[in-house]
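Next comes my_file_5.cif, a file with mmCIF, C-alpha atoms (C1' of nucleotides).
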data_my_file
loop_
_atom_site.label_atom_id
_atom_site.label_comp_id
_atom_site.auth_asym_id
_atom_site.auth_seq_id
_atom_site.Cartn_x
_atom_site.Cartn_y
_atom_site.Cartn_z
CA MET S 8 168.24 140.46 122.65
CA THR S 9 167.65 141.02 126.34
CA THR S 10 167.92 138.22 128.89
CA GLU S 11 164.23 138.58 129.60
CA GLU S 12 163.37 137.90 125.98
CA ILE S 13 165.73 134.93 125.85
CA ILE S 14 164.00 133.45 128.88
CA LEU S 15 160.55 134.02 127.39
CA GLN S 16 161.53 132.30 124.18
CA ALA S 17 162.87 129.29 126.04
CA ALA S 18 159.79 129.18 128.24
CA ARG S 19 157.52 129.26 125.21
CA LYS S 20 159.20 126.25 123.72
CA VAL S 21 159.21 124.14 126.88
CA PHE S 22 155.70 125.03 128.12
CA ARG S 23 154.20 124.39 124.68
CA GLU S 24 155.61 120.91 124.51
CA LYS S 25 155.09 119.79 128.09
CA GLY S 26 152.48 122.03 129.63
CA LEU S 27 152.65 123.66 133.05
CA GLU S 28 152.98 120.57 135.21
CA GLY S 29 155.14 118.67 132.75
CA SER S 30 157.74 121.43 132.48
CA ARG S 31 160.74 121.94 134.76
CA MET S 32 162.34 125.28 135.58
CA GLN S 33 165.70 123.58 135.08
CA GLU S 34 164.76 122.64 131.54
CA ILE S 35 163.75 126.19 130.72
CA ALA S 36 167.00 127.48 132.18
CA ASP S 37 169.02 124.99 130.11
CA GLU S 38 167.09 125.92 126.98
CA ALA S 39 167.86 129.58 127.64
CA GLY S 40 171.50 128.85 128.47
CA ILE S 41 171.29 130.55 131.84
CA ASN S 42 170.96 129.66 135.48
CA LYS S 43 167.80 128.48 137.20
CA ALA S 44 167.93 131.27 139.76
CA LEU S 45 167.74 133.89 137.05
CA LEU S 46 164.27 132.69 136.10
CA HIS S 47 163.07 133.61 139.57
CA TYR S 48 164.94 136.86 139.49
CA TYR S 49 163.01 137.90 136.38
CA PHE S 50 159.62 136.28 136.92
CA ARG S 51 159.36 135.46 140.65
CA SER S 52 157.62 132.10 140.20
CA LYS S 53 156.93 129.32 137.72
CA ASP S 54 153.22 130.15 137.71
CA LYS S 55 153.83 133.80 136.87
CA LEU S 56 156.17 132.87 134.03
CA PHE S 57 153.64 130.39 132.73
CA MET S 58 150.80 132.89 132.76
CA LYS S 59 152.86 135.25 130.59
CA ILE S 60 153.28 132.54 127.97
CA PHE S 61 149.73 131.28 128.25
CA SER S 62 148.04 134.64 127.82
CA GLU S 63 150.16 135.30 124.74
CA ALA S 64 148.80 132.06 123.31
CA ILE S 65 145.19 132.88 124.11
CA GLN S 66 145.53 136.28 122.50
CA SER S 67 146.78 134.84 119.23
CA MET S 68 144.00 132.25 119.24
CA LEU S 69 141.24 134.85 119.20
CA PRO S 70 141.01 135.63 115.53
CA SER S 71 139.89 138.93 114.15
CA VAL S 72 136.31 137.89 113.60
CA ARG S 73 135.03 141.39 114.11
CA ILE S 74 137.23 142.74 111.39
CA SER S 75 136.17 140.11 108.93
CA LEU S 76 132.52 140.69 109.80
CA GLN S 77 132.73 144.33 108.88
CA GLU S 78 134.31 143.73 105.51
CA VAL S 79 131.69 141.31 104.37
CA GLU S 80 128.39 141.35 102.47
CA THR S 81 127.00 137.83 102.70
CA LEU S 82 127.22 134.90 105.10
CA ASN S 83 129.02 132.88 102.44
CA GLN S 84 131.72 135.50 102.18
CA PHE S 85 132.09 135.63 105.93
CA LEU S 86 132.42 131.86 106.28
CA SER S 87 134.95 131.51 103.44
CA PHE S 88 137.01 134.28 104.95
CA PHE S 89 136.75 132.92 108.49
CA VAL S 90 137.80 129.39 107.53
CA HIS S 91 140.66 130.60 105.41
CA GLU S 92 142.08 133.03 107.96
CA TYR S 93 141.76 130.67 110.88
CA LEU S 94 143.47 127.80 109.09
CA LYS S 95 146.25 130.09 107.95
CA LEU S 96 146.84 130.99 111.58
CA LEU S 97 146.82 127.37 112.73
CA ASN S 98 149.18 126.25 109.99
CA GLU S 99 151.68 128.72 111.39
CA LEU S 100 151.01 127.76 115.02
CA PRO S 101 149.83 124.14 114.89
CA TRP S 102 150.60 123.54 118.57
CA LEU S 103 148.17 126.26 119.72
CA PRO S 104 144.97 124.21 120.12
CA ARG S 105 146.72 121.42 121.97
CA PHE S 106 148.44 123.83 124.32
CA ILE S 107 145.34 125.84 125.15
CA LEU S 108 142.96 122.91 125.57
CA GLN S 109 145.41 121.07 127.76
CA GLU S 110 145.76 123.91 130.23
CA VAL S 111 142.18 125.14 130.10
CA ASN S 112 140.80 121.70 130.83
CA ARG S 113 143.08 121.39 133.81
CA ASN S 114 142.06 124.77 135.14
CA PRO S 115 138.86 126.19 133.56
CA LYS S 116 139.17 129.46 135.46
CA LEU S 117 142.04 130.38 133.17
CA ILE S 118 139.69 131.30 130.32
CA LYS S 119 137.72 133.85 132.24
CA ASP S 120 140.83 135.33 133.83
CA ILE S 121 142.47 135.90 130.50
CA MET S 122 139.82 136.27 127.84
CA GLY S 123 137.96 138.77 129.93
CA ASN S 124 135.02 140.09 127.98
CA ARG S 125 135.79 138.66 124.57
CA GLU S 126 133.16 136.53 122.90
CA LEU S 127 132.06 135.47 119.46
CA PRO S 128 129.63 138.02 117.95
CA ILE S 129 126.85 135.48 117.61
CA ASN S 130 124.19 138.13 117.29
CA GLU S 131 125.81 139.71 114.28
CA ILE S 132 126.25 136.36 112.59
CA ASP S 133 122.63 135.59 113.31
CA ARG S 134 121.65 138.83 111.62
CA LEU S 135 123.67 137.84 108.54
CA ILE S 136 121.91 134.48 108.49
CA ARG S 137 118.45 136.01 108.64
CA ARG S 138 119.23 138.54 105.97
CA ASP S 139 120.43 135.88 103.55
CA THR S 140 117.57 133.60 104.48
CA GLU S 141 115.03 136.27 103.58
CA LYS S 142 116.80 136.82 100.28
CA GLY S 143 116.36 133.11 99.57
CA LEU S 144 120.10 132.54 99.40
CA ILE S 145 120.45 130.05 102.23
CA MET S 146 118.49 127.70 104.44
CA PRO S 147 117.70 128.81 107.99
CA ILE S 148 120.15 127.47 110.56
CA SER S 149 121.05 128.09 114.21
CA ALA S 150 124.01 130.49 114.38
CA GLU S 151 125.41 128.65 117.38
CA HIS S 152 125.38 125.25 115.73
CA LEU S 153 126.75 126.63 112.50
CA MET S 154 129.68 128.33 114.20
CA VAL S 155 130.44 125.37 116.46
CA ASN S 156 130.38 123.13 113.38
CA VAL S 157 132.80 125.34 111.51
CA ILE S 158 135.13 125.91 114.44
CA SER S 159 135.15 122.21 115.27
CA MET S 160 136.13 121.23 111.75
CA ILE S 161 138.88 123.82 111.71
CA ILE S 162 140.45 123.17 115.08
CA PHE S 163 139.89 119.51 115.91
CA PRO S 164 142.41 118.06 113.42
CA PHE S 165 145.07 120.14 115.16
CA ALA S 166 143.88 119.42 118.69
CA ALA S 167 143.71 115.68 118.09
CA ARG S 168 146.44 115.27 115.51
CA PRO S 169 148.09 112.15 116.96
CA VAL S 170 144.79 110.31 117.26
CA ILE S 171 143.52 111.19 113.80
CA GLN S 172 146.85 110.47 112.20
CA THR S 173 146.83 106.97 113.62
CA LEU S 174 143.14 106.18 113.39
CA ILE S 175 142.44 107.50 109.91
CA PHE S 176 145.78 107.87 108.15
CA LYS S 177 147.60 104.81 109.51
CA ASP S 178 150.48 107.04 110.65
CA ASP S 179 151.24 108.19 107.13
CA GLU S 180 152.62 111.65 107.89
CA HIS S 181 152.75 112.68 104.26
CA ALA S 182 149.09 111.83 103.76
CA TYR S 183 148.24 113.88 106.84
CA LYS S 184 150.12 116.94 105.60
CA GLN S 185 148.39 116.77 102.26
CA PHE S 186 145.10 116.44 104.14
CA LEU S 187 145.81 119.68 106.00
CA ILE S 188 146.66 121.48 102.78
CA ASP S 189 143.31 120.50 101.25
CA ARG S 190 141.47 121.33 104.43
CA SER S 191 140.55 124.96 103.78
CA GLU S 192 138.95 124.20 100.43
CA GLN S 193 137.21 121.10 101.77
CA ILE S 194 135.67 122.74 104.81
CA THR S 195 134.48 125.76 102.87
CA GLN S 196 132.80 123.60 100.23
CA PHE S 197 131.30 121.34 102.86
CA VAL S 198 129.78 124.20 104.81
CA LEU S 199 128.56 126.23 101.86
CA ARG S 200 126.93 123.19 100.27
CA SER S 201 125.11 122.51 103.51
CA ILE S 202 123.61 125.94 104.00
CA SER S 203 123.06 126.94 100.36
CA ILE S 204 119.80 126.50 98.52
CA GLN S 205 120.79 124.53 95.48
CA SER S 206 119.25 122.94 92.44
CA LYS S 207 121.79 120.67 90.85
CA PRO S 208 121.18 118.06 88.19
CA MET V 5 132.99 95.36 146.57
CA THR V 6 136.62 94.37 146.73
CA THR V 7 139.33 96.79 147.79
CA GLU V 8 140.82 96.60 144.33
CA GLU V 9 137.57 97.78 142.77
CA ILE V 10 137.25 100.58 145.34
CA ILE V 11 140.73 101.77 144.43
CA LEU V 12 140.00 101.62 140.71
CA GLN V 13 136.87 103.69 141.16
CA ALA V 14 138.72 106.34 143.14
CA ALA V 15 141.55 106.36 140.61
CA ARG V 16 139.11 106.83 137.74
CA LYS V 17 137.62 109.88 139.37
CA VAL V 18 140.92 111.55 140.24
CA PHE V 19 142.79 110.74 137.02
CA ARG V 20 139.87 111.92 134.89
CA GLU V 21 139.79 115.29 136.56
CA LYS V 22 143.50 115.96 136.93
CA GLY V 23 145.33 113.74 134.48
CA LEU V 24 148.42 111.68 135.23
CA GLU V 25 150.78 114.44 136.31
CA GLY V 26 148.10 116.47 138.08
CA SER V 27 146.97 113.59 140.29
CA ARG V 28 148.48 112.57 143.62
CA MET V 29 148.54 109.07 145.03
CA GLN V 30 147.51 110.58 148.36
CA GLU V 31 144.39 112.05 146.78
CA ILE V 32 143.40 108.71 145.29
CA ALA V 33 143.93 107.04 148.64
CA ASP V 34 141.77 109.64 150.40
CA GLU V 35 139.07 109.26 147.77
CA ALA V 36 139.12 105.50 148.29
CA GLY V 37 139.17 105.85 152.08
CA ILE V 38 142.31 103.75 152.44
CA ASN V 39 146.01 104.20 152.96
CA LYS V 40 148.52 105.31 150.37
CA ALA V 41 150.64 102.22 150.83
CA LEU V 42 147.74 100.00 149.78
CA LEU V 43 147.75 101.56 146.33
CA HIS V 44 151.27 100.30 145.82
CA TYR V 45 150.42 96.94 147.29
CA TYR V 46 147.71 96.46 144.66
CA PHE V 47 149.17 98.23 141.62
CA ARG V 48 152.93 98.55 142.27
CA SER V 49 153.26 102.05 140.79
CA LYS V 50 151.35 105.17 139.86
CA ASP V 51 152.08 104.60 136.17
CA LYS V 52 150.72 101.06 136.22
CA LEU V 53 147.54 102.20 137.96
CA PHE V 54 147.13 104.99 135.48
CA MET V 55 147.51 102.72 132.49
CA LYS V 56 144.69 100.51 133.77
CA ILE V 57 142.36 103.52 133.89
CA PHE V 58 143.57 104.96 130.63
CA SER V 59 143.16 101.83 128.55
CA GLU V 60 139.64 101.41 129.89
CA ALA V 61 138.90 104.90 128.57
CA ILE V 62 140.41 104.26 125.16
CA GLN V 63 138.42 101.07 124.77
CA SER V 64 135.11 102.81 125.43
CA MET V 65 136.02 105.57 123.00
CA LEU V 66 136.34 103.27 120.03
CA PRO V 67 132.75 102.95 118.93
CA SER V 68 131.33 99.96 117.16
CA VAL V 69 131.72 101.41 113.69
CA ARG V 70 132.19 98.02 112.12
CA ILE V 71 128.92 96.79 113.51
CA SER V 72 126.99 99.78 112.25
CA LEU V 73 128.64 99.48 108.85
CA GLN V 74 127.36 95.96 108.41
CA GLU V 75 123.78 96.80 109.30
CA VAL V 76 123.50 99.58 106.81
CA GLU V 77 122.39 100.08 103.21
CA THR V 78 123.28 103.67 102.33
CA LEU V 79 125.83 106.26 103.40
CA ASN V 80 123.06 108.41 104.81
CA GLN V 81 121.94 105.59 107.06
CA PHE V 82 125.48 104.98 108.22
CA LEU V 83 126.11 108.64 109.05
CA SER V 84 122.83 109.07 110.94
CA PHE V 85 123.57 105.96 112.94
CA PHE V 86 127.18 106.92 113.58
CA VAL V 87 126.36 110.42 114.81
CA HIS V 88 123.55 109.21 117.01
CA GLU V 89 125.46 106.36 118.64
CA TYR V 90 128.60 108.38 119.22
CA LEU V 91 126.75 111.27 120.83
CA LYS V 92 124.81 108.87 123.01
CA LEU V 93 128.12 107.51 124.27
CA LEU V 94 129.58 110.97 124.91
CA ASN V 95 126.52 112.17 126.74
CA GLU V 96 127.08 109.33 129.18
CA LEU V 97 130.83 109.92 129.42
CA PRO V 98 131.33 113.61 128.67
CA TRP V 99 134.78 113.70 130.25
CA LEU V 100 136.18 111.10 127.83
CA PRO V 101 137.47 113.36 125.03
CA ARG V 102 139.16 115.75 127.44
CA PHE V 103 140.83 112.92 129.32
CA ILE V 104 142.12 111.10 126.26
CA LEU V 105 143.34 114.15 124.37
CA GLN V 106 145.12 115.50 127.42
CA GLU V 107 147.16 112.36 127.94
CA VAL V 108 147.69 111.46 124.30
CA ASN V 109 149.05 114.89 123.49
CA ARG V 110 151.47 114.66 126.36
CA ASN V 111 152.65 111.21 125.30
CA PRO V 112 151.70 110.27 121.73
CA LYS V 113 153.12 106.76 122.05
CA LEU V 114 150.15 105.92 124.25
CA ILE V 115 147.84 105.57 121.27
CA LYS V 116 149.88 102.97 119.48
CA ASP V 117 150.57 101.04 122.66
CA ILE V 118 146.92 100.73 123.50
CA MET V 119 144.90 100.94 120.34
CA GLY V 120 147.12 98.42 118.66
CA ASN V 121 145.75 97.60 115.23
CA ARG V 122 142.41 99.39 115.40
CA GLU V 123 141.61 101.95 112.75
CA LEU V 124 138.61 103.51 111.07
CA PRO V 125 137.44 101.39 108.08
CA ILE V 126 138.00 104.23 105.61
CA ASN V 127 138.02 101.87 102.65
CA GLU V 128 134.56 100.53 103.39
CA ILE V 129 133.17 104.02 103.86
CA ASP V 130 134.77 105.04 100.60
CA ARG V 131 133.01 102.10 98.91
CA LEU V 132 129.68 103.28 100.32
CA ILE V 133 130.34 106.77 99.00
CA ARG V 134 131.13 105.56 95.51
CA ARG V 135 128.10 103.29 95.38
CA ASP V 136 125.74 106.11 96.36
CA THR V 137 127.52 108.54 94.03
CA GLU V 138 126.93 106.23 91.07
CA LYS V 139 123.29 105.91 92.02
CA GLY V 140 123.05 109.71 91.86
CA LEU V 141 122.10 109.95 95.54
CA ILE V 142 125.02 112.04 96.77
CA MET V 143 127.85 114.28 95.62
CA PRO V 144 131.36 112.82 95.46
CA ILE V 145 133.45 113.60 98.56
CA SER V 146 136.70 112.49 100.14
CA ALA V 147 136.00 109.82 102.75
CA GLU V 148 138.78 111.15 104.98
CA HIS V 149 137.50 114.70 104.99
CA LEU V 150 133.92 113.59 105.47
CA MET V 151 134.76 111.44 108.48
CA VAL V 152 137.06 114.02 110.05
CA ASN V 153 134.32 116.62 109.60
CA VAL V 154 131.75 114.41 111.29
CA ILE V 155 134.01 113.28 114.11
CA SER V 156 135.16 116.85 114.74
CA MET V 157 131.62 118.15 115.05
CA ILE V 158 130.72 115.31 117.40
CA ILE V 159 133.72 115.40 119.72
CA PHE V 160 134.98 118.98 119.78
CA PRO V 161 132.16 120.49 121.87
CA PHE V 162 133.05 117.96 124.57
CA ALA V 163 136.80 118.35 124.24
CA ALA V 164 136.62 122.15 124.41
CA ARG V 165 133.55 122.59 126.55
CA PRO V 166 134.87 125.32 128.84
CA VAL V 167 136.06 127.44 125.95
CA ILE V 168 132.90 127.09 123.86
CA GLN V 169 130.67 127.66 126.84
CA THR V 170 132.39 130.96 127.54
CA LEU V 171 133.06 132.15 124.02
CA ILE V 172 129.71 131.30 122.44
CA PHE V 173 127.24 130.81 125.26
CA LYS V 174 128.43 133.49 127.66
CA ASP V 175 128.68 130.87 130.42
CA ASP V 176 124.97 130.10 130.29
CA GLU V 177 125.07 126.45 131.37
CA HIS V 178 121.44 125.87 130.60
CA ALA V 179 121.86 127.11 127.05
CA TYR V 180 124.84 124.82 126.63
CA LYS V 181 122.93 121.76 127.81
CA GLN V 182 120.09 122.49 125.43
CA PHE V 183 122.68 122.92 122.70
CA LEU V 184 124.02 119.42 123.40
CA ILE V 185 120.52 117.95 123.32
CA ASP V 186 119.89 119.41 119.87
CA ARG V 187 123.32 118.40 118.65
CA SER V 188 122.54 114.97 117.20
CA GLU V 189 119.72 116.27 115.03
CA GLN V 190 121.69 119.35 113.98
CA ILE V 191 124.85 117.50 112.95
CA THR V 192 122.93 114.87 111.03
CA GLN V 193 120.97 117.48 109.10
CA PHE V 194 124.07 119.55 108.47
CA VAL V 195 126.02 116.62 107.06
CA LEU V 196 123.24 115.10 105.02
CA ARG V 197 122.36 118.46 103.46
CA SER V 198 125.98 118.91 102.47
CA ILE V 199 126.45 115.59 100.71
CA SER V 200 122.96 115.11 99.28
CA ILE V 201 121.94 116.08 95.79
CA GLN V 202 118.97 118.33 96.38
CA SER V 203 116.52 120.41 94.45
CA LYS V 204 114.64 122.61 96.84
CA PRO V 205 112.41 125.55 96.01
"C1'" DG K 8 172.55 140.87 136.85
"C1'" DT K 9 174.35 136.40 137.27
"C1'" DC K 10 176.17 132.78 139.64
"C1'" DT K 11 176.70 128.67 143.50
"C1'" DA K 12 174.89 126.65 147.32
"C1'" DT K 13 171.20 125.53 150.12
"C1'" DA K 14 166.67 125.69 152.26
"C1'" DT K 15 162.08 123.76 152.15
"C1'" DG K 16 158.52 120.96 150.99
"C1'" DG K 17 156.13 117.38 148.52
"C1'" DC K 18 155.78 113.11 146.23
"C1'" DG K 19 156.34 108.14 144.95
"C1'" DA K 20 157.81 104.20 146.89
"C1'" DT K 21 159.32 100.82 150.54
"C1'" DA K 22 160.11 98.62 155.33
"C1'" DG K 23 158.19 96.45 158.72
"C1'" DA K 24 154.70 95.93 162.63
"C1'" DC K 25 150.17 93.96 163.27
"C1'" DG N 29 145.70 92.81 153.68
"C1'" DT N 30 146.19 97.01 155.98
"C1'" DC N 31 148.44 100.20 158.62
"C1'" DT N 32 152.42 103.80 160.39
"C1'" DA N 33 156.77 105.54 159.68
"C1'" DT N 34 160.31 106.76 156.85
"C1'" DC N 35 163.54 106.81 152.92
"C1'" DG N 36 165.22 109.10 148.89
"C1'" DC N 37 164.57 112.02 145.31
"C1'" DC N 38 163.47 115.96 142.82
"C1'" DA N 39 161.38 120.52 142.12
"C1'" DT N 40 160.53 125.30 143.40
"C1'" DA N 41 162.33 128.92 145.59
"C1'" DT N 42 165.72 131.77 148.30
"C1'" DA N 43 170.35 133.45 150.42
"C1'" DG N 44 174.23 135.42 149.61
"C1'" DA N 45 178.87 135.86 147.16
"C1'" DC N 46 180.70 138.15 143.13
#

Kindly return the structure encoded in the file as structure tokens.
Amino acid sequence: MTTEEIILQAARKVFREKGLEGSRMQEIADEAGINKALLHYYFRSKDKLFMKIFSEAIQSMLPSVRISLQEVETLNQFLSFFVHEYLKLLNELPWLPRFILQEVNRNPKLIKDIMGNRELPINEIDRLIRRDTEKGLIMPISAEHLMVNVISMIIFPFAARPVIQTLIFKDDEHAYKQFLIDRSEQITQFVLRSISIQSKP
Amino acid sequence: MTTEEIILQAARKVFREKGLEGSRMQEIADEAGINKALLHYYFRSKDKLFMKIFSEAIQSMLPSVRISLQEVETLNQFLSFFVHEYLKLLNELPWLPRFILQEVNRNPKLIKDIMGNRELPINEIDRLIRRDTEKGLIMPISAEHLMVNVISMIIFPFAARPVIQTLIFKDDEHAYKQFLIDRSEQITQFVLRSISIQSKP
DNA sequence: GTCTATATGGCGATAGAC
DNA sequence: GTCTATCGCCATATAGAC
């Protein structure tokens, strides 16, 4: 492994845990087992090194919605797929929402700089909704509110884990882990029940 | 207004926007129109001043759930009330979720120190659910998942405003404000449709 | 490329005059 | 109580030997 890659790995770990302002170049150097000056030799400044790590994170946070939209027939299929895939990602990278929100809130320009032209294909989702509404499969609903609802339920428990764990689970870590395991199933059911036209006994 | 209150007001503004590590004592002093040394005269240290501001914020974030639980007959009533009251609070203090999450994620001990024994009355909500389930009014659902769903949908658009505004609303601020106005109605409908037993044409 | 040593600046905090 | 001046520390960044 090259020195550059060793530095990046150390920087990832430290920046994730402490953010830009909370991290020290010395700590990154220690983590990488090298000297502080080498960091500047490879990346010129702390800000430049941070931006490398941060844009990596943003990239992995933008899920392949487009792909899933193309493979899908109904809104229900799309939503099940979206929830499942997104939660799979977050279970592998549970620190992602915290890291991104922390830095973006401190410096909102970061989003535009990095995300560039990416955005959620609201129009296509809206088309799916209307098609299924006309077929009598689902109730009409605003695409924006629907997607914000779904995304909120997926991400928030990761973004606010310490608060939720204390406030709702009385700091029972095991209960919280089980909660996260059930989450995919629970969100999907919750959303589909809300938009579906049902007639249950 | 006393000097102490002037300082507190300046500190609120600066800490809210930049967090503990992002704020400078000099900036607070400038904002208050006084000298840096006076801050230390009144509050000894930056940390002590910050904790004053932060615990204020936490207190206002804990809504009067208990009160609304006592005034309520059915789960539907409770949820409508809860969503409405919470969003009313956040519309007055939209910076609250960002501020709290930012600091809590950096230092998770803060929650326990400040919130002390407070927690969401999950057991009472669970009792409400079971009562209405037996009456055939609603479907059975986990109280934890239900409340996390509701809280997520309420808070997340405030906690992640910059991201959502860019990703979903293409930075159209007017559209985002209208979205927030509709939010209370939309969340309530979304939740009640999901848990209710319906038979619609 | 990698190190040691040092420059440079900024910040929290304190001393002490008024 | 409020100010000016300054201490002491720590963090980023650079100079320069190897």

Open item on the list: I need the output of the PyMOL selection byres ((chain V) within 6 of (chain S)) for this file as a ChimeraX atom specification; which residues are they?
Closed with: /V:106,123-124,153,156-157,160,171-172,194,197-198,203

TODO: List the residues selected by the PyMOL selection byres ((chain N) within 10 of (chain V)) in the file shown, writing them as a VMD selection string.
DONE: chain N and resid 29 to 32

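Using all atoms listed in the file, we find that the part of chain V lying within 10 Å of chain K comprises Arg28, Met29, Gln30, Lys40, Ala41, His44, Arg48, Ser49 and Lys50 of chain V.
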
TODO: Determine the residue set returned by the PyMOL selection byres ((chain S and resi 72) around 12) for the present structure, and present it as a PyMOL selection string.
DONE: chain S and resi 68-71+73-79+85-86+88-93+125-129+131-132+154

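Here atom CA of V:Ser188 stands at a distance of 17.3 Å from atom CA of S:Pro147.
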
- [ ] May I ask for the distance between atom CA of S:Ala64 and atom CA of S:Lys95, given in Å to one decimal place?
- [x]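 Taking atom CA of S:Ala64 and atom CA of S:Lys95, their separation equals 15.7 Å.
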
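In this structure, atom CA of S:Glu12 sits 9.6 Å away from atom CA of S:Ala39.
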